[in-house]
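Chemist: Just so it is clear, I am handing over target_27.cif, which has mmCIF, N, CA, C and O atoms.
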data_target
loop_
_atom_site.label_atom_id
_atom_site.label_comp_id
_atom_site.auth_asym_id
_atom_site.auth_seq_id
_atom_site.Cartn_x
_atom_site.Cartn_y
_atom_site.Cartn_z
N ALA A 1 0.85 -1.18 0.00
CA ALA A 1 0.00 0.00 0.00
C ALA A 1 0.89 1.23 0.00
O ALA A 1 2.02 1.18 0.48
N VAL A 2 0.38 2.31 -0.54
CA VAL A 2 1.16 3.55 -0.65
C VAL A 2 0.30 4.69 -0.12
O VAL A 2 -0.89 4.79 -0.42
N LEU A 3 0.91 5.57 0.69
CA LEU A 3 0.24 6.76 1.21
C LEU A 3 0.74 7.97 0.44
O LEU A 3 1.94 8.21 0.36
N TRP A 4 -0.20 8.73 -0.14
CA TRP A 4 0.11 9.92 -0.93
C TRP A 4 -0.49 11.14 -0.25
O TRP A 4 -1.53 11.05 0.40
N ASP A 5 0.09 12.31 -0.44
CA ASP A 5 -0.59 13.52 0.00
C ASP A 5 -1.52 13.98 -1.12
O ASP A 5 -1.56 13.39 -2.20
N LEU A 6 -2.29 15.02 -0.87
CA LEU A 6 -3.29 15.45 -1.84
C LEU A 6 -2.69 16.11 -3.08
O LEU A 6 -3.38 16.29 -4.08
N GLN A 7 -1.40 16.41 -3.06
CA GLN A 7 -0.73 16.96 -4.23
C GLN A 7 -0.06 15.87 -5.07
O GLN A 7 0.60 16.17 -6.07
N GLY A 8 -0.22 14.61 -4.67
CA GLY A 8 0.34 13.50 -5.43
C GLY A 8 1.75 13.12 -5.03
O GLY A 8 2.41 12.35 -5.72
N LYS A 9 2.23 13.64 -3.90
CA LYS A 9 3.57 13.30 -3.41
C LYS A 9 3.51 12.01 -2.60
O LYS A 9 2.67 11.86 -1.71
N LEU A 10 4.41 11.08 -2.90
CA LEU A 10 4.51 9.83 -2.16
C LEU A 10 5.01 10.12 -0.76
O LEU A 10 6.05 10.74 -0.59
N LEU A 11 4.25 9.69 0.25
CA LEU A 11 4.65 9.91 1.64
C LEU A 11 5.33 8.67 2.21
O LEU A 11 6.40 8.76 2.78
N HIS A 12 4.68 7.49 2.09
CA HIS A 12 5.25 6.26 2.63
C HIS A 12 4.68 5.05 1.90
O HIS A 12 3.55 5.08 1.43
N GLU A 13 5.50 4.01 1.87
CA GLU A 13 5.05 2.71 1.38
C GLU A 13 4.93 1.77 2.57
O GLU A 13 5.77 1.78 3.46
N PHE A 14 3.89 0.97 2.56
CA PHE A 14 3.66 -0.01 3.61
C PHE A 14 4.04 -1.37 3.03
O PHE A 14 3.30 -1.95 2.25
N LYS A 15 5.22 -1.85 3.42
CA LYS A 15 5.79 -3.05 2.81
C LYS A 15 5.71 -4.24 3.76
O LYS A 15 5.50 -4.09 4.95
N GLY A 16 5.91 -5.41 3.19
CA GLY A 16 5.97 -6.63 3.98
C GLY A 16 4.73 -7.49 3.89
O GLY A 16 4.59 -8.44 4.64
N LEU A 17 3.84 -7.18 2.99
CA LEU A 17 2.64 -7.99 2.80
C LEU A 17 2.87 -8.95 1.65
O LEU A 17 3.33 -8.55 0.59
N MET A 18 2.56 -10.22 1.88
CA MET A 18 2.76 -11.22 0.84
C MET A 18 1.64 -11.17 -0.19
O MET A 18 1.85 -11.34 -1.36
N GLU A 19 0.42 -10.95 0.27
CA GLU A 19 -0.75 -10.90 -0.60
C GLU A 19 -1.20 -9.44 -0.68
O GLU A 19 -0.57 -8.56 -0.15
N GLY A 20 -2.31 -9.21 -1.33
CA GLY A 20 -2.80 -7.86 -1.49
C GLY A 20 -3.58 -7.34 -0.30
O GLY A 20 -4.04 -8.10 0.54
N ILE A 21 -3.71 -6.02 -0.24
CA ILE A 21 -4.55 -5.37 0.76
C ILE A 21 -5.93 -5.21 0.15
O ILE A 21 -6.07 -4.74 -0.97
N LEU A 22 -6.95 -5.60 0.89
CA LEU A 22 -8.32 -5.40 0.43
C LEU A 22 -8.94 -4.19 1.13
O LEU A 22 -9.15 -3.18 0.52
N PRO A 23 -9.23 -4.26 2.45
CA PRO A 23 -9.78 -3.09 3.12
C PRO A 23 -8.70 -2.27 3.80
O PRO A 23 -7.60 -2.76 4.10
N LEU A 24 -9.02 -1.00 4.04
CA LEU A 24 -8.12 -0.09 4.71
C LEU A 24 -8.96 0.93 5.45
O LEU A 24 -9.99 1.37 4.94
N ALA A 25 -8.54 1.30 6.67
CA ALA A 25 -9.25 2.32 7.43
C ALA A 25 -8.25 3.17 8.20
O ALA A 25 -7.25 2.65 8.71
N PHE A 26 -8.50 4.47 8.27
CA PHE A 26 -7.72 5.38 9.11
C PHE A 26 -8.33 5.42 10.50
O PHE A 26 -9.55 5.38 10.65
N SER A 27 -7.47 5.52 11.52
CA SER A 27 -7.96 5.64 12.89
C SER A 27 -8.69 6.97 13.05
O SER A 27 -8.46 7.91 12.29
N PRO A 28 -9.58 7.07 14.06
CA PRO A 28 -10.31 8.32 14.25
C PRO A 28 -9.40 9.54 14.46
O PRO A 28 -9.75 10.64 14.04
N ASP A 29 -8.22 9.34 15.06
CA ASP A 29 -7.31 10.48 15.26
C ASP A 29 -6.39 10.72 14.06
O ASP A 29 -5.59 11.64 14.05
N GLY A 30 -6.50 9.86 13.02
CA GLY A 30 -5.70 10.03 11.81
C GLY A 30 -4.24 9.68 11.95
O GLY A 30 -3.45 9.96 11.06
N GLN A 31 -3.86 9.00 13.03
CA GLN A 31 -2.45 8.71 13.29
C GLN A 31 -2.04 7.27 12.96
O GLN A 31 -0.86 6.94 13.06
N SER A 32 -2.98 6.42 12.58
CA SER A 32 -2.64 5.06 12.21
C SER A 32 -3.60 4.56 11.14
O SER A 32 -4.65 5.15 10.90
N ILE A 33 -3.18 3.46 10.51
CA ILE A 33 -3.94 2.85 9.41
C ILE A 33 -4.10 1.37 9.73
O ILE A 33 -3.15 0.72 10.18
N LEU A 34 -5.28 0.85 9.46
CA LEU A 34 -5.57 -0.56 9.66
C LEU A 34 -5.83 -1.19 8.29
O LEU A 34 -6.61 -0.65 7.50
N THR A 35 -5.15 -2.29 8.00
CA THR A 35 -5.35 -2.98 6.73
C THR A 35 -5.76 -4.43 6.98
O THR A 35 -5.48 -5.01 8.02
N GLY A 36 -6.40 -5.02 6.00
CA GLY A 36 -6.75 -6.44 6.02
C GLY A 36 -6.52 -6.99 4.63
O GLY A 36 -6.21 -6.25 3.69
N GLY A 37 -6.67 -8.31 4.48
CA GLY A 37 -6.48 -8.87 3.16
C GLY A 37 -6.45 -10.38 3.15
O GLY A 37 -7.01 -11.04 4.02
N ASN A 38 -5.74 -10.90 2.15
CA ASN A 38 -5.73 -12.33 1.87
C ASN A 38 -4.89 -13.15 2.84
O ASN A 38 -4.88 -14.37 2.74
N GLU A 39 -4.16 -12.53 3.74
CA GLU A 39 -3.31 -13.27 4.66
C GLU A 39 -4.04 -13.67 5.94
O GLU A 39 -3.41 -14.11 6.91
N ASN A 40 -5.36 -13.48 5.98
CA ASN A 40 -6.19 -13.88 7.12
C ASN A 40 -5.81 -13.14 8.40
O ASN A 40 -5.85 -13.71 9.50
N ASN A 41 -5.41 -11.90 8.26
CA ASN A 41 -5.07 -11.10 9.42
C ASN A 41 -5.33 -9.63 9.12
O ASN A 41 -5.64 -9.26 7.99
N ALA A 42 -5.22 -8.81 10.14
CA ALA A 42 -5.27 -7.36 9.98
C ALA A 42 -3.99 -6.81 10.59
O ALA A 42 -3.42 -7.40 11.51
N ILE A 43 -3.54 -5.66 10.07
CA ILE A 43 -2.30 -5.05 10.56
C ILE A 43 -2.57 -3.59 10.85
O ILE A 43 -3.17 -2.88 10.03
N LEU A 44 -2.10 -3.14 12.02
CA LEU A 44 -2.16 -1.73 12.40
C LEU A 44 -0.79 -1.12 12.13
O LEU A 44 0.23 -1.66 12.56
N TRP A 45 -0.77 0.00 11.39
CA TRP A 45 0.46 0.67 10.97
C TRP A 45 0.47 2.10 11.50
O TRP A 45 -0.58 2.71 11.62
N ASP A 46 1.67 2.64 11.73
CA ASP A 46 1.75 4.08 11.92
C ASP A 46 1.89 4.73 10.54
O ASP A 46 2.01 4.03 9.53
N LEU A 47 1.85 6.04 10.48
CA LEU A 47 1.87 6.73 9.18
C LEU A 47 3.22 6.68 8.48
O LEU A 47 3.34 7.09 7.33
N GLN A 48 4.24 6.19 9.16
CA GLN A 48 5.56 6.03 8.53
C GLN A 48 5.77 4.63 7.98
O GLN A 48 6.85 4.31 7.49
N GLY A 49 4.74 3.78 8.06
CA GLY A 49 4.83 2.43 7.51
C GLY A 49 5.35 1.39 8.47
O GLY A 49 5.67 0.27 8.06
N LYS A 50 5.43 1.70 9.76
CA LYS A 50 5.89 0.74 10.76
C LYS A 50 4.69 -0.06 11.28
O LYS A 50 3.65 0.51 11.62
N ARG A 51 4.86 -1.40 11.35
CA ARG A 51 3.81 -2.26 11.92
C ARG A 51 3.74 -2.03 13.42
O ARG A 51 4.74 -2.17 14.12
N LEU A 52 2.56 -1.70 13.90
CA LEU A 52 2.35 -1.52 15.33
C LEU A 52 1.78 -2.77 15.99
O LEU A 52 2.11 -3.07 17.13
N GLN A 53 0.90 -3.47 15.27
CA GLN A 53 0.26 -4.66 15.82
C GLN A 53 -0.30 -5.51 14.68
O GLN A 53 -0.72 -4.97 13.66
N GLU A 54 -0.28 -6.80 14.88
CA GLU A 54 -0.90 -7.71 13.92
C GLU A 54 -2.01 -8.48 14.63
O GLU A 54 -1.83 -8.92 15.77
N PHE A 55 -3.14 -8.60 13.97
CA PHE A 55 -4.31 -9.27 14.53
C PHE A 55 -4.49 -10.58 13.76
O PHE A 55 -4.91 -10.57 12.61
N LYS A 56 -4.14 -11.69 14.42
CA LYS A 56 -4.09 -13.00 13.77
C LYS A 56 -5.18 -13.92 14.31
O LYS A 56 -5.77 -13.65 15.33
N GLY A 57 -5.37 -15.02 13.60
CA GLY A 57 -6.25 -16.07 14.10
C GLY A 57 -7.54 -16.22 13.32
O GLY A 57 -8.40 -17.01 13.70
N LEU A 58 -7.69 -15.47 12.24
CA LEU A 58 -8.89 -15.60 11.43
C LEU A 58 -8.71 -16.74 10.43
O LEU A 58 -7.60 -17.00 9.98
N ALA A 59 -9.80 -17.41 10.09
CA ALA A 59 -9.72 -18.57 9.22
C ALA A 59 -9.88 -18.23 7.75
O ALA A 59 -9.74 -19.11 6.91
N ASP A 60 -10.14 -16.96 7.43
CA ASP A 60 -10.37 -16.61 6.03
C ASP A 60 -9.94 -15.15 5.78
O ASP A 60 -9.57 -14.43 6.71
N THR A 61 -10.02 -14.74 4.55
CA THR A 61 -9.63 -13.41 4.11
C THR A 61 -10.37 -12.33 4.90
O THR A 61 -11.57 -12.44 5.14
N VAL A 62 -9.65 -11.27 5.30
CA VAL A 62 -10.26 -10.14 5.98
C VAL A 62 -10.82 -9.21 4.89
O VAL A 62 -10.07 -8.64 4.10
N LEU A 63 -12.13 -9.10 4.86
CA LEU A 63 -12.82 -8.35 3.80
C LEU A 63 -13.14 -6.92 4.19
O LEU A 63 -13.35 -6.07 3.32
N THR A 64 -13.21 -6.64 5.50
CA THR A 64 -13.51 -5.29 5.95
C THR A 64 -12.85 -5.04 7.30
O THR A 64 -12.66 -5.98 8.08
N VAL A 65 -12.46 -3.80 7.54
CA VAL A 65 -11.87 -3.38 8.81
C VAL A 65 -12.47 -2.05 9.21
O VAL A 65 -12.86 -1.25 8.35
N ALA A 66 -12.54 -1.81 10.51
CA ALA A 66 -13.06 -0.54 11.01
C ALA A 66 -12.53 -0.29 12.41
O ALA A 66 -12.23 -1.23 13.16
N PHE A 67 -12.42 0.99 12.76
CA PHE A 67 -12.09 1.39 14.12
C PHE A 67 -13.39 1.70 14.86
O PHE A 67 -14.33 2.24 14.27
N ALA A 68 -13.43 1.39 16.16
CA ALA A 68 -14.51 1.89 16.99
C ALA A 68 -14.38 3.41 17.02
O ALA A 68 -13.28 3.95 16.88
N PRO A 69 -15.48 4.13 17.21
CA PRO A 69 -15.41 5.59 17.20
C PRO A 69 -14.43 6.18 18.21
O PRO A 69 -13.82 7.23 17.94
N ASP A 70 -14.21 5.51 19.34
CA ASP A 70 -13.27 6.03 20.33
C ASP A 70 -11.83 5.64 20.02
O ASP A 70 -10.90 6.05 20.71
N GLY A 71 -11.61 4.82 18.98
CA GLY A 71 -10.26 4.42 18.57
C GLY A 71 -9.60 3.40 19.47
O GLY A 71 -8.44 3.07 19.28
N GLN A 72 -10.33 2.85 20.45
CA GLN A 72 -9.74 1.93 21.42
C GLN A 72 -9.85 0.46 21.03
O GLN A 72 -9.28 -0.40 21.69
N SER A 73 -10.60 0.16 19.99
CA SER A 73 -10.70 -1.21 19.50
C SER A 73 -10.97 -1.17 18.00
O SER A 73 -11.28 -0.12 17.44
N ILE A 74 -10.79 -2.33 17.38
CA ILE A 74 -11.04 -2.45 15.95
C ILE A 74 -11.98 -3.60 15.69
O ILE A 74 -12.19 -4.47 16.55
N PHE A 75 -12.51 -3.64 14.48
CA PHE A 75 -13.38 -4.72 14.03
C PHE A 75 -12.85 -5.25 12.71
O PHE A 75 -12.39 -4.48 11.86
N THR A 76 -12.93 -6.57 12.54
CA THR A 76 -12.61 -7.19 11.27
C THR A 76 -13.80 -8.04 10.84
O THR A 76 -14.47 -8.65 11.67
N GLY A 77 -14.07 -8.04 9.55
CA GLY A 77 -15.08 -8.91 8.98
C GLY A 77 -14.40 -9.81 7.98
O GLY A 77 -13.62 -9.34 7.15
N SER A 78 -14.66 -11.10 8.06
CA SER A 78 -13.92 -12.03 7.21
C SER A 78 -14.84 -12.90 6.37
O SER A 78 -16.05 -12.94 6.58
N GLY A 79 -14.22 -13.60 5.44
CA GLY A 79 -14.93 -14.48 4.53
C GLY A 79 -15.56 -15.67 5.23
O GLY A 79 -16.34 -16.40 4.62
N GLU A 80 -15.23 -15.90 6.48
CA GLU A 80 -15.86 -16.98 7.25
C GLU A 80 -17.18 -16.51 7.87
O GLU A 80 -17.74 -17.19 8.71
N HIS A 81 -17.66 -15.33 7.43
CA HIS A 81 -18.94 -14.77 7.86
C HIS A 81 -18.95 -14.42 9.34
O HIS A 81 -19.93 -14.65 10.04
N THR A 82 -17.84 -13.86 9.83
CA THR A 82 -17.77 -13.43 11.22
C THR A 82 -17.28 -11.99 11.29
O THR A 82 -16.56 -11.52 10.41
N VAL A 83 -17.69 -11.31 12.35
CA VAL A 83 -17.15 -10.01 12.71
C VAL A 83 -16.48 -10.20 14.06
O VAL A 83 -17.06 -10.78 14.98
N THR A 84 -15.23 -9.75 14.16
CA THR A 84 -14.46 -9.91 15.39
C THR A 84 -14.07 -8.54 15.91
O THR A 84 -13.62 -7.69 15.15
N ARG A 85 -14.24 -8.34 17.22
CA ARG A 85 -13.79 -7.11 17.87
C ARG A 85 -12.49 -7.41 18.59
O ARG A 85 -12.36 -8.42 19.29
N TRP A 86 -11.50 -6.56 18.40
CA TRP A 86 -10.16 -6.73 18.96
C TRP A 86 -9.81 -5.50 19.80
O TRP A 86 -10.17 -4.38 19.42
N ASP A 87 -9.04 -5.70 20.89
CA ASP A 87 -8.43 -4.55 21.51
C ASP A 87 -7.15 -4.23 20.75
O ASP A 87 -6.71 -5.02 19.90
N LEU A 88 -6.56 -3.11 20.97
CA LEU A 88 -5.41 -2.68 20.15
C LEU A 88 -4.14 -3.48 20.43
O LEU A 88 -3.16 -3.33 19.72
N GLN A 89 -4.15 -4.32 21.45
CA GLN A 89 -3.00 -5.18 21.72
C GLN A 89 -3.13 -6.54 21.03
O GLN A 89 -2.27 -7.39 21.18
N GLY A 90 -4.18 -6.73 20.27
CA GLY A 90 -4.36 -7.96 19.50
C GLY A 90 -5.16 -9.02 20.21
O GLY A 90 -5.26 -10.13 19.79
#
Would you mind writing the structure in this file as structure tokens?

Modeler:
Amino acid sequence: AVLWDLQGKLLHEFKGLMEGILPLAFSPDGQSILTGGNENNAILWDLQGKRLQEFKGLADTVLTVAFAPDGQSIFTGSGEHTVTRWDLQG
């Protein structure tokens, strides 16, 4: 994944994913990004592309991700027809 500013300048690349990113969400405070995809996990990143936390244990592709409005937990929706709520420590 690549983060660009509104003028088209490349800010950061988020590397280290074997498969593609499907969903992506910004945290409510705009300081982190949550991704999901074909690796059956979700990853929390800072804006410089550093992995902050990985959310593992899902049996299928992560199709959707979201932050709770207070930013204290996240949600993942997967191809196994489940929605999981996680705290930020995984």

Chemist: Could you write out as a list of chain:residue names the residues that the PyMOL selection byres (((chain A and resi 29-43 and name CA) around 7) and name CA) matches in the shown file?

Modeler: A:Glu19, A:Gly20, A:Ile21, A:Leu22, A:Pro23, A:Leu24, A:Ala25, A:Phe26, A:Ser27, A:Pro28, A:Leu44, A:Trp45, A:Asp46, A:Leu47, A:Arg51, A:Gln53, A:Glu54, A:Phe55, A:Lys56, A:Gly57, A:Leu58, A:Ala59, A:Asp60, A:Thr61, A:Val62, A:Leu63, A:Thr64, A:Val65

Chemist: Just to be explicit: take each residue in the selection above, keep N, CA, C and O atoms, and write the result as an mmCIF file, in the coordinates of the input.

Modeler:
data_model
loop_
_atom_site.group_PDB
_atom_site.id
_atom_site.type_symbol
_atom_site.label_atom_id
_atom_site.label_comp_id
_atom_site.auth_asym_id
_atom_site.auth_seq_id
_atom_site.Cartn_x
_atom_site.Cartn_y
_atom_site.Cartn_z
ATOM 1 N N GLU A 19 0.420 -10.950 0.270
ATOM 2 C CA GLU A 19 -0.750 -10.900 -0.600
ATOM 3 C C GLU A 19 -1.200 -9.440 -0.680
ATOM 4 O O GLU A 19 -0.570 -8.560 -0.150
ATOM 5 N N GLY A 20 -2.310 -9.210 -1.330
ATOM 6 C CA GLY A 20 -2.800 -7.860 -1.490
ATOM 7 C C GLY A 20 -3.580 -7.340 -0.300
ATOM 8 O O GLY A 20 -4.040 -8.100 0.540
ATOM 9 N N ILE A 21 -3.710 -6.020 -0.240
ATOM 10 C CA ILE A 21 -4.550 -5.370 0.760
ATOM 11 C C ILE A 21 -5.930 -5.210 0.150
ATOM 12 O O ILE A 21 -6.070 -4.740 -0.970
ATOM 13 N N LEU A 22 -6.950 -5.600 0.890
ATOM 14 C CA LEU A 22 -8.320 -5.400 0.430
ATOM 15 C C LEU A 22 -8.940 -4.190 1.130
ATOM 16 O O LEU A 22 -9.150 -3.180 0.520
ATOM 17 N N PRO A 23 -9.230 -4.260 2.450
ATOM 18 C CA PRO A 23 -9.780 -3.090 3.120
ATOM 19 C C PRO A 23 -8.700 -2.270 3.800
ATOM 20 O O PRO A 23 -7.600 -2.760 4.100
ATOM 21 N N LEU A 24 -9.020 -1.000 4.040
ATOM 22 C CA LEU A 24 -8.120 -0.090 4.710
ATOM 23 C C LEU A 24 -8.960 0.930 5.450
ATOM 24 O O LEU A 24 -9.990 1.370 4.940
ATOM 25 N N ALA A 25 -8.540 1.300 6.670
ATOM 26 C CA ALA A 25 -9.250 2.320 7.430
ATOM 27 C C ALA A 25 -8.250 3.170 8.200
ATOM 28 O O ALA A 25 -7.250 2.650 8.710
ATOM 29 N N PHE A 26 -8.500 4.470 8.270
ATOM 30 C CA PHE A 26 -7.720 5.380 9.110
ATOM 31 C C PHE A 26 -8.330 5.420 10.500
ATOM 32 O O PHE A 26 -9.550 5.380 10.650
ATOM 33 N N SER A 27 -7.470 5.520 11.520
ATOM 34 C CA SER A 27 -7.960 5.640 12.890
ATOM 35 C C SER A 27 -8.690 6.970 13.050
ATOM 36 O O SER A 27 -8.460 7.910 12.290
ATOM 37 N N PRO A 28 -9.580 7.070 14.060
ATOM 38 C CA PRO A 28 -10.310 8.320 14.250
ATOM 39 C C PRO A 28 -9.400 9.540 14.460
ATOM 40 O O PRO A 28 -9.750 10.640 14.040
ATOM 41 N N LEU A 44 -2.100 -3.140 12.020
ATOM 42 C CA LEU A 44 -2.160 -1.730 12.400
ATOM 43 C C LEU A 44 -0.790 -1.120 12.130
ATOM 44 O O LEU A 44 0.230 -1.660 12.560
ATOM 45 N N TRP A 45 -0.770 0.000 11.390
ATOM 46 C CA TRP A 45 0.460 0.670 10.970
ATOM 47 C C TRP A 45 0.470 2.100 11.500
ATOM 48 O O TRP A 45 -0.580 2.710 11.620
ATOM 49 N N ASP A 46 1.670 2.640 11.730
ATOM 50 C CA ASP A 46 1.750 4.080 11.920
ATOM 51 C C ASP A 46 1.890 4.730 10.540
ATOM 52 O O ASP A 46 2.010 4.030 9.530
ATOM 53 N N LEU A 47 1.850 6.040 10.480
ATOM 54 C CA LEU A 47 1.870 6.730 9.180
ATOM 55 C C LEU A 47 3.220 6.680 8.480
ATOM 56 O O LEU A 47 3.340 7.090 7.330
ATOM 57 N N ARG A 51 4.860 -1.400 11.350
ATOM 58 C CA ARG A 51 3.810 -2.260 11.920
ATOM 59 C C ARG A 51 3.740 -2.030 13.420
ATOM 60 O O ARG A 51 4.740 -2.170 14.120
ATOM 61 N N GLN A 53 0.900 -3.470 15.270
ATOM 62 C CA GLN A 53 0.260 -4.660 15.820
ATOM 63 C C GLN A 53 -0.300 -5.510 14.680
ATOM 64 O O GLN A 53 -0.720 -4.970 13.660
ATOM 65 N N GLU A 54 -0.280 -6.800 14.880
ATOM 66 C CA GLU A 54 -0.900 -7.710 13.920
ATOM 67 C C GLU A 54 -2.010 -8.480 14.630
ATOM 68 O O GLU A 54 -1.830 -8.920 15.770
ATOM 69 N N PHE A 55 -3.140 -8.600 13.970
ATOM 70 C CA PHE A 55 -4.310 -9.270 14.530
ATOM 71 C C PHE A 55 -4.490 -10.580 13.760
ATOM 72 O O PHE A 55 -4.910 -10.570 12.610
ATOM 73 N N LYS A 56 -4.140 -11.690 14.420
ATOM 74 C CA LYS A 56 -4.090 -13.000 13.770
ATOM 75 C C LYS A 56 -5.180 -13.920 14.310
ATOM 76 O O LYS A 56 -5.770 -13.650 15.330
ATOM 77 N N GLY A 57 -5.370 -15.020 13.600
ATOM 78 C CA GLY A 57 -6.250 -16.070 14.100
ATOM 79 C C GLY A 57 -7.540 -16.220 13.320
ATOM 80 O O GLY A 57 -8.400 -17.010 13.700
ATOM 81 N N LEU A 58 -7.690 -15.470 12.240
ATOM 82 C CA LEU A 58 -8.890 -15.600 11.430
ATOM 83 C C LEU A 58 -8.710 -16.740 10.430
ATOM 84 O O LEU A 58 -7.600 -17.000 9.980
ATOM 85 N N ALA A 59 -9.800 -17.410 10.090
ATOM 86 C CA ALA A 59 -9.720 -18.570 9.220
ATOM 87 C C ALA A 59 -9.880 -18.230 7.750
ATOM 88 O O ALA A 59 -9.740 -19.110 6.910
ATOM 89 N N ASP A 60 -10.140 -16.960 7.430
ATOM 90 C CA ASP A 60 -10.370 -16.610 6.030
ATOM 91 C C ASP A 60 -9.940 -15.150 5.780
ATOM 92 O O ASP A 60 -9.570 -14.430 6.710
ATOM 93 N N THR A 61 -10.020 -14.740 4.550
ATOM 94 C CA THR A 61 -9.630 -13.410 4.110
ATOM 95 C C THR A 61 -10.370 -12.330 4.900
ATOM 96 O O THR A 61 -11.570 -12.440 5.140
ATOM 97 N N VAL A 62 -9.650 -11.270 5.300
ATOM 98 C CA VAL A 62 -10.260 -10.140 5.980
ATOM 99 C C VAL A 62 -10.820 -9.210 4.890
ATOM 100 O O VAL A 62 -10.070 -8.640 4.100
ATOM 101 N N LEU A 63 -12.130 -9.100 4.860
ATOM 102 C CA LEU A 63 -12.820 -8.350 3.800
ATOM 103 C C LEU A 63 -13.140 -6.920 4.190
ATOM 104 O O LEU A 63 -13.350 -6.070 3.320
ATOM 105 N N THR A 64 -13.210 -6.640 5.500
ATOM 106 C CA THR A 64 -13.510 -5.290 5.950
ATOM 107 C C THR A 64 -12.850 -5.040 7.300
ATOM 108 O O THR A 64 -12.660 -5.980 8.080
ATOM 109 N N VAL A 65 -12.460 -3.800 7.540
ATOM 110 C CA VAL A 65 -11.870 -3.380 8.810
ATOM 111 C C VAL A 65 -12.470 -2.050 9.210
ATOM 112 O O VAL A 65 -12.860 -1.250 8.350
#

Chemist: At what distance in Å, to one decimal, does atom N of Lys50 (chain A) lie from CA of Leu3 (chain A)?

Modeler: 11.2 Å

Chemist: For region 39-51 of chain A, what centre and edge lengths in Å (one decimal) does the axis-aligned box get once 5 Å is added on each side of all its listed atoms, as AutoDock Vina command-line options?

Modeler:
--center_x 0.3 --center_y -3.5 --center_z 8.9 --size_x 23.0 --size_y 31.2 --size_z 20.4

Chemist: Need the shell around Trp86 (chain A): protein/DNA/RNA residues with any atom at most 8 Å away, counting all atoms listed in the file. Skip same-chain ones fewer than 6 positions apart. Format as a list in words?

Modeler: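 Counting all atoms listed in the file, the residues come to Phe55, Ala66, Ala68, Gly71, Gln72, Ser73, Ile74, Phe75 and Thr76 of chain A.
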
Chemist: Please indicate the distance in Å from atom C of His12 (chain A) to CA of Gly79 (chain A), rounded to one decimal place.

Modeler: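 Answer for the atom C of His12 (chain A) to CA of Gly79 (chain A) separation: 27.8 Å.
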
Chemist: One decimal, in Å: what's the spacing between atom O of Gly49 (chain A) and CA of Ala1 (chain A)?

Modeler: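 A separation of 9.9 Å between them.
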
Chemist: Taking the backbone alone, and naming residues the way the document does, which bits of region 8-75 of chain A are strand (DSSP E) by DSSP, as a PyMOL selection string?

Modeler: chain A and resi 10-13+21-26+32-37+42-46+51-55+62-67+73-75

Chemist: Using all atoms listed in the file, which residue out of A:Gln48, A:Leu88, A:Phe67, A:Ser78 lies closest to Leu11 (chain A)?

Modeler: A:Gln48
